[in-house]
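*Asks:* Data file protein.txt (compact mmCIF, C-alpha atoms) is appended below.
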# COMPACT_ATOMS: atom_id res chain seq x y z
CA THR N 1 0.00 0.00 0.00
CA SER N 2 1.03 3.64 -0.27
CA ILE N 3 1.35 3.85 3.53
CA GLN N 4 3.68 0.83 3.63
CA GLU N 5 5.77 2.29 0.83
CA GLU N 6 6.02 5.58 2.74
CA LEU N 7 7.19 3.82 5.90
CA GLN N 8 9.74 1.75 3.98
CA HIS N 9 11.05 4.86 2.25
CA LYS N 10 11.40 6.78 5.51
CA LYS N 11 12.65 3.71 7.41
CA ILE N 12 10.56 4.81 10.38
CA SER N 13 10.04 2.63 13.43
CA GLU N 14 8.62 3.27 16.89
CA HIS N 15 10.73 2.85 20.01
CA ILE N 16 9.01 2.68 23.41
CA PRO N 17 11.58 2.61 26.24
CA ILE N 18 10.75 0.80 29.48
CA CYS N 19 12.42 2.05 32.63
CA ASN N 20 11.84 1.65 36.35
CA GLU N 21 13.49 2.81 39.56
CA THR N 22 16.50 0.54 38.94
CA CYS N 23 17.56 2.52 35.87
CA SER N 24 20.78 4.39 36.57
CA ILE N 25 20.18 7.13 34.03
CA GLN N 26 16.85 8.49 32.89
CA GLN N 27 17.01 10.62 29.80
CA GLN N 28 15.07 13.84 29.78
CA ILE N 29 14.25 14.94 26.26
CA ASN N 30 12.27 18.06 25.49
CA HIS N 31 10.29 18.10 22.27
CA SER N 32 8.48 20.91 20.53
CA SER N 33 4.71 20.94 20.94
CA ASP N 34 4.02 20.07 17.31
CA GLU N 35 5.74 16.66 17.40
CA PHE N 36 3.87 13.40 17.95
CA THR N 37 5.87 12.46 21.05
CA GLY N 38 5.24 12.32 24.77
CA GLU N 39 1.96 11.52 26.44
CA TRP N 40 -0.62 14.08 25.47
CA ILE N 41 -3.95 15.19 26.82
CA VAL N 42 -5.84 15.87 23.60
CA VAL N 43 -9.14 17.68 23.02
CA LEU N 44 -10.59 16.26 19.81
CA ASN N 45 -13.19 18.54 18.26
CA ARG N 46 -15.00 19.10 14.98
CA ALA N 47 -14.31 22.83 15.17
CA GLY N 48 -16.51 24.84 12.83
CA ALA N 49 -18.51 21.82 11.70
CA GLY N 50 -21.71 23.12 13.27
CA ARG N 51 -22.77 19.66 14.44
CA ARG N 52 -21.49 17.31 17.14
CA GLU N 53 -19.20 20.14 18.15
CA MET N 54 -18.00 21.31 21.56
CA VAL N 55 -18.70 25.03 21.35
CA ASN N 56 -16.30 26.04 24.16
CA ALA N 57 -13.49 23.57 23.43
CA ASN N 58 -10.93 26.39 23.39
CA GLU N 59 -11.93 27.27 26.94
CA LEU N 60 -11.24 23.69 27.99
CA VAL N 61 -7.83 23.67 26.28
CA THR N 62 -6.88 26.92 28.02
CA ALA N 63 -7.96 25.53 31.40
CA LEU N 64 -5.98 22.33 30.82
CA LEU N 65 -2.84 24.30 29.97
CA LYS N 66 -3.20 26.12 33.30
CA THR N 67 -3.94 22.91 35.22
CA PHE N 68 -0.96 21.05 33.73
CA PRO N 69 1.55 23.89 33.25
CA ASP N 70 4.76 21.84 32.90
CA HIS N 71 4.82 21.80 29.10
CA SER N 72 8.39 20.47 29.04
CA ASN N 73 7.31 17.24 30.77
CA PRO N 74 7.38 14.57 28.03
CA TYR N 75 5.18 12.27 30.12
CA LEU N 76 2.15 14.52 30.56
CA ARG N 77 1.49 17.50 28.35
CA VAL N 78 -1.55 19.25 26.90
CA TRP N 79 -1.89 19.55 23.14
CA PRO N 80 -2.02 23.37 22.92
CA LYS N 81 -5.02 23.66 20.60
CA GLN N 82 -8.09 21.78 19.46
CA PHE N 83 -7.08 18.66 17.58
CA ASN N 84 -8.43 16.65 14.68
CA PHE N 85 -6.87 13.62 13.02
CA ASN N 86 -5.68 13.92 9.43
CA ASP N 87 -6.06 11.35 6.63
CA ASN N 88 -2.58 9.82 6.92
CA LEU N 89 -2.90 6.43 8.59
CA TYR N 90 0.67 6.43 9.87
CA ASP N 91 0.30 9.90 11.42
CA ILE N 92 -3.01 8.84 12.98
CA ALA N 93 -1.49 5.71 14.54
CA ARG N 94 1.63 7.53 15.74
CA MET N 95 -0.34 10.35 17.32
CA ALA N 96 -2.83 7.99 18.95
CA ARG N 97 0.05 6.02 20.47
CA SER N 98 1.23 9.28 22.04
CA ILE N 99 -2.11 10.11 23.65
CA ARG N 100 -2.59 9.53 27.35
CA LEU N 101 -6.11 10.98 27.51
CA LEU N 102 -8.34 11.54 24.48
CA PHE N 103 -11.38 13.76 25.07
CA GLY N 104 -13.99 14.16 22.37
CA VAL N 105 -17.60 13.91 21.24
CA HIS N 106 -19.03 10.55 20.23
CA GLY N 107 -18.17 9.99 16.58
CA ALA N 108 -15.79 8.43 14.09
CA GLY N 109 -12.79 10.39 15.41
CA LEU N 110 -12.85 8.42 18.66
CA SER N 111 -12.42 5.17 16.71
CA ASN N 112 -8.73 6.08 16.39
CA ALA N 113 -8.50 4.93 20.00
CA ILE N 114 -7.79 1.52 18.46
CA PHE N 115 -4.15 2.67 18.25
CA MET N 116 -3.91 3.95 21.84
CA ARG N 117 -1.79 2.10 24.36
CA PRO N 118 -3.40 -0.16 27.00
CA GLY N 119 -4.34 1.81 30.09
CA ALA N 120 -4.83 5.10 28.24
CA ILE N 121 -8.06 7.02 28.77
CA LEU N 122 -10.89 7.47 26.29
CA TYR N 123 -13.10 10.26 27.66
CA GLU N 124 -16.28 10.44 25.62
CA VAL N 125 -18.76 13.32 25.41
CA ASN N 126 -22.36 12.65 24.45
CA PRO N 127 -25.04 15.27 23.78
CA TYR N 128 -27.79 15.61 26.36
CA GLY N 129 -30.21 12.67 26.28
CA CYS N 130 -27.82 10.44 24.32
CA ARG N 131 -26.31 8.30 27.08
CA HIS N 132 -27.09 5.13 25.13
CA LEU N 133 -24.55 6.13 22.46
CA SER N 134 -21.72 5.42 24.90
CA PHE N 135 -22.27 1.65 24.64
CA ASN N 136 -20.13 1.37 21.51
CA PHE N 137 -16.99 3.06 22.80
CA HIS N 138 -17.40 1.66 26.30
CA ARG N 139 -17.28 -1.80 24.78
CA TRP N 140 -14.44 -0.70 22.49
CA ALA N 141 -12.42 0.39 25.52
CA ASP N 142 -12.99 -2.97 27.21
CA VAL N 143 -11.71 -4.85 24.15
CA PHE N 144 -8.55 -2.75 23.80
CA ASN N 145 -7.82 -2.43 27.54
CA LEU N 146 -8.49 1.30 27.69
CA GLN N 147 -10.15 3.23 30.48
CA HIS N 148 -13.48 4.75 29.47
CA ALA N 149 -15.18 7.78 30.98
CA LEU N 150 -18.34 9.58 29.92
CA TRP N 151 -19.52 13.18 30.29
CA ILE N 152 -23.04 14.36 29.44
CA PRO N 153 -24.40 17.86 30.14
CA SER N 154 -27.09 18.15 32.81
CA GLN N 155 -29.44 19.82 30.33
CA GLY N 156 -29.72 20.29 26.61
CA ASN N 157 -29.31 23.38 24.49
CA ASN N 158 -31.64 26.24 25.43
CA GLY N 159 -32.18 24.58 28.81
CA ARG N 160 -34.28 21.67 27.56
CA THR N 161 -34.77 18.80 30.01
CA ASP N 162 -36.64 16.23 27.91
CA ASN N 163 -35.10 12.85 27.14
CA ASN N 164 -34.82 13.25 23.38
CA CYS N 165 -31.43 12.46 21.88
CA GLU N 166 -30.35 15.07 19.35
CA ARG N 167 -27.08 13.39 18.46
CA GLU N 168 -26.03 16.00 15.90
CA SER N 169 -26.43 18.90 18.32
CA SER N 170 -23.54 20.95 19.69
CA THR N 171 -22.51 20.67 23.34
CA THR N 172 -21.41 23.27 25.88
CA LEU N 173 -18.89 21.86 28.35
CA ASN N 174 -18.76 22.34 32.11
CA VAL N 175 -15.02 22.99 32.06
CA GLN N 176 -14.27 22.81 35.79
CA GLU N 177 -16.26 19.63 36.25
CA ILE N 178 -14.38 17.98 33.38
CA ILE N 179 -10.98 19.18 34.64
CA ASN N 180 -11.65 17.66 38.07
CA GLU N 181 -12.68 14.37 36.49
CA MET N 182 -9.58 14.33 34.28
CA LYS N 183 -7.27 14.78 37.28
CA SER N 184 -8.91 11.82 38.99
CA LEU N 185 -8.73 9.67 35.84
CA LEU N 186 -5.05 10.45 35.31
CA LYS N 187 -4.23 9.54 38.90
CA ASP N 188 -5.93 6.17 38.47
CA GLU N 189 -4.24 5.68 35.09
CA ALA N 190 -0.78 6.33 36.56
CA GLU N 191 -1.37 3.72 39.27
CA TYR N 192 -2.65 1.22 36.70
CA ARG N 193 0.31 1.73 34.39
CA SER N 194 2.86 1.57 37.22
CA GLY N 195 1.44 -1.73 38.41
CA TYR N 196 1.24 -3.07 34.85
CA ILE N 197 4.91 -2.28 34.12
CA LYS N 198 6.10 -3.69 37.45
CA ARG N 199 4.25 -6.94 36.78
CA ALA N 200 5.72 -7.13 33.28
CA LEU N 201 9.27 -6.52 34.56
CA LYS N 202 8.81 -9.15 37.25
CA ILE N 203 7.77 -11.72 34.66
CA MET N 204 10.68 -10.82 32.35
CA THR N 205 13.24 -11.17 35.17
CA ASP N 206 11.75 -14.26 36.81
CA MET N 207 14.53 -16.84 36.44
CA SER N 208 12.33 -19.57 37.91
CA ILE N 209 10.46 -19.73 34.61
CA VAL N 210 12.21 -22.20 32.33
CA ASP N 211 11.16 -22.96 28.78
CA HIS N 212 11.13 -26.61 27.84
CA PRO N 213 11.46 -27.82 24.24
Could the structure of this file be written out as structure tokens, please?
*Replies:*
Amino acid sequence: TSIQEELQHKKISEHIPICNETCSIQQQINHSSDEFTGEWIVVLNRAGAGRREMVNANELVTALLKTFPDHSNPYLRVWPKQFNFNDNLYDIARMARSIRLLFGVHGAGLSNAIFMRPGAILYEVNPYGCRHLSFNFHRWADVFNLQHALWIPSQGNNGRTDNNCERESSTTLNVQEIINEMKSLLKDEAEYRSGYIKRALKIMTDMSIVDHP
């Protein structure tokens, strides 16, 4: 395929270092904010689409940048603007592998979570009255060992409180509520990943396990 030819031409491969407290030297590498590296908090939005859009997504990005101000930290940084995936499969996969928390409205863009690493967080937004839509990505997260969270506004546009699902409608975010939930999710994710890596290292260094022909 054209994607395979591109990768072969560029001779690109992905390297994911594993390190724990026994490492004698831990490299600290600072990358510019437009590179697909590190572990990003990403706000995925259909900006300007007029449907299934988070109308105050920029406000959320600004609040996240203030909440997580260490932008030189390669292990937890905020993508500094609203994000949308492009049409290059390799770029999509590489960026998704670099995402620690993906926040976005229910839709095709969230399906790129298939490339996210186990333990990462898929934080889904559904329009008011559309809780049932979360079934798909909740199940998706279970299959690919992701954490799934859901946010739905307490009322619809113009203050409506009926139970109708207008899935194409725009959504106004409660920024502070979402920020608080993200901090809790990231704390749980860090504990999950730490335990996962320690278990993997223990298995790899367990000399009592002997392979028999």
*Asks:* Rank nothing, just name the residue among N:Thr161, N:Glu168, N:Ala108, N:Glu189 nearest to His148 of chain N, using all atoms listed in the file.
*Replies:*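 Of N:Thr161, N:Glu168, N:Ala108, N:Glu189, the one nearest His148 of chain N, counting all atoms listed in the file, is N:Glu189.
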*Asks:* For Glu124 of chain N, which residue among N:Asn84, N:Leu60, N:Lys66, N:Leu44 is the nearest when counting all atoms listed in the file?
*Replies:*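 Closest residue, counting all atoms listed in the file: N:Leu44.
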*Asks:* Could you work out how far atom CA of Ser169 of chain N lies from atom CA of Ala49 of chain N, giving the answer in Å with one decimal?
*Replies:*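 We find that atom CA of Ala49 of chain N and atom CA of Ser169 of chain N lie 10.7 Å from each other.
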*Asks:* Closest to Ser170 of chain N among N:His138, N:His106, N:Lys187, N:Arg131, using all atoms listed in the file?
*Replies:*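 Checking each of N:His138, N:His106, N:Lys187, N:Arg131 against Ser170 of chain N, counting all atoms listed in the file, the winner is N:His106.
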*Asks:* Quote the spacing between atom CA of Trp40 of chain N and atom CA of Ile99 of chain N in Å to one decimal place.
*Replies:*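 Between atom CA of Trp40 of chain N and atom CA of Ile99 of chain N the gap is 4.6 Å.
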*Asks:* Quote the spacing between atom CA of Ser154 of chain N and atom CA of Thr62 of chain N in Å to one decimal place.
*Replies:*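 Spanning atom CA of Ser154 of chain N to atom CA of Thr62 of chain N is a straight-line distance of 22.5 Å.
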*Asks:* Identify which of the residues N:Arg97, N:Pro69, N:Arg117, N:Val43 lies closest to Lys81 of chain N, counting all atoms listed in the file when measuring atom-to-atom distances.
*Replies:*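 The closest residue to Lys81 of chain N is N:Val43.
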*Asks:* For Pro153 of chain N, list every protein, DNA or RNA residue within 9 Å, evaluated using all atoms listed in the file, and leave out those in the same chain fewer than 5 positions away; present the list as JSON, numbers by chain.
*Replies:* {"N": [125, 126, 127, 128, 129, 171, 172, 173, 174]}
*Asks:* For the residues selected in the previous step, produce a file with C-alpha atoms as a tab-separated table (two decimals), in the frame of the given file.
*Replies:*
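File selection08.tsv, as written:
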chain	number	residue	atom	x	y	z
N	125	VAL	CA	-18.76	13.32	25.41
N	126	ASN	CA	-22.36	12.65	24.45
N	127	PRO	CA	-25.04	15.27	23.78
N	128	TYR	CA	-27.79	15.61	26.36
N	129	GLY	CA	-30.21	12.67	26.28
N	171	THR	CA	-22.51	20.67	23.34
N	172	THR	CA	-21.41	23.27	25.88
N	173	LEU	CA	-18.89	21.86	28.35
N	174	ASN	CA	-18.76	22.34	32.11
*Asks:* Which residue, N:Asn86, N:Ser72, N:Gln147, N:Thr67, has the smallest gap to Leu185 of chain N when you use only C-alpha atoms?
*Replies:*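 Of the candidates, the smallest distance to Leu185 of chain N is held by N:Gln147.
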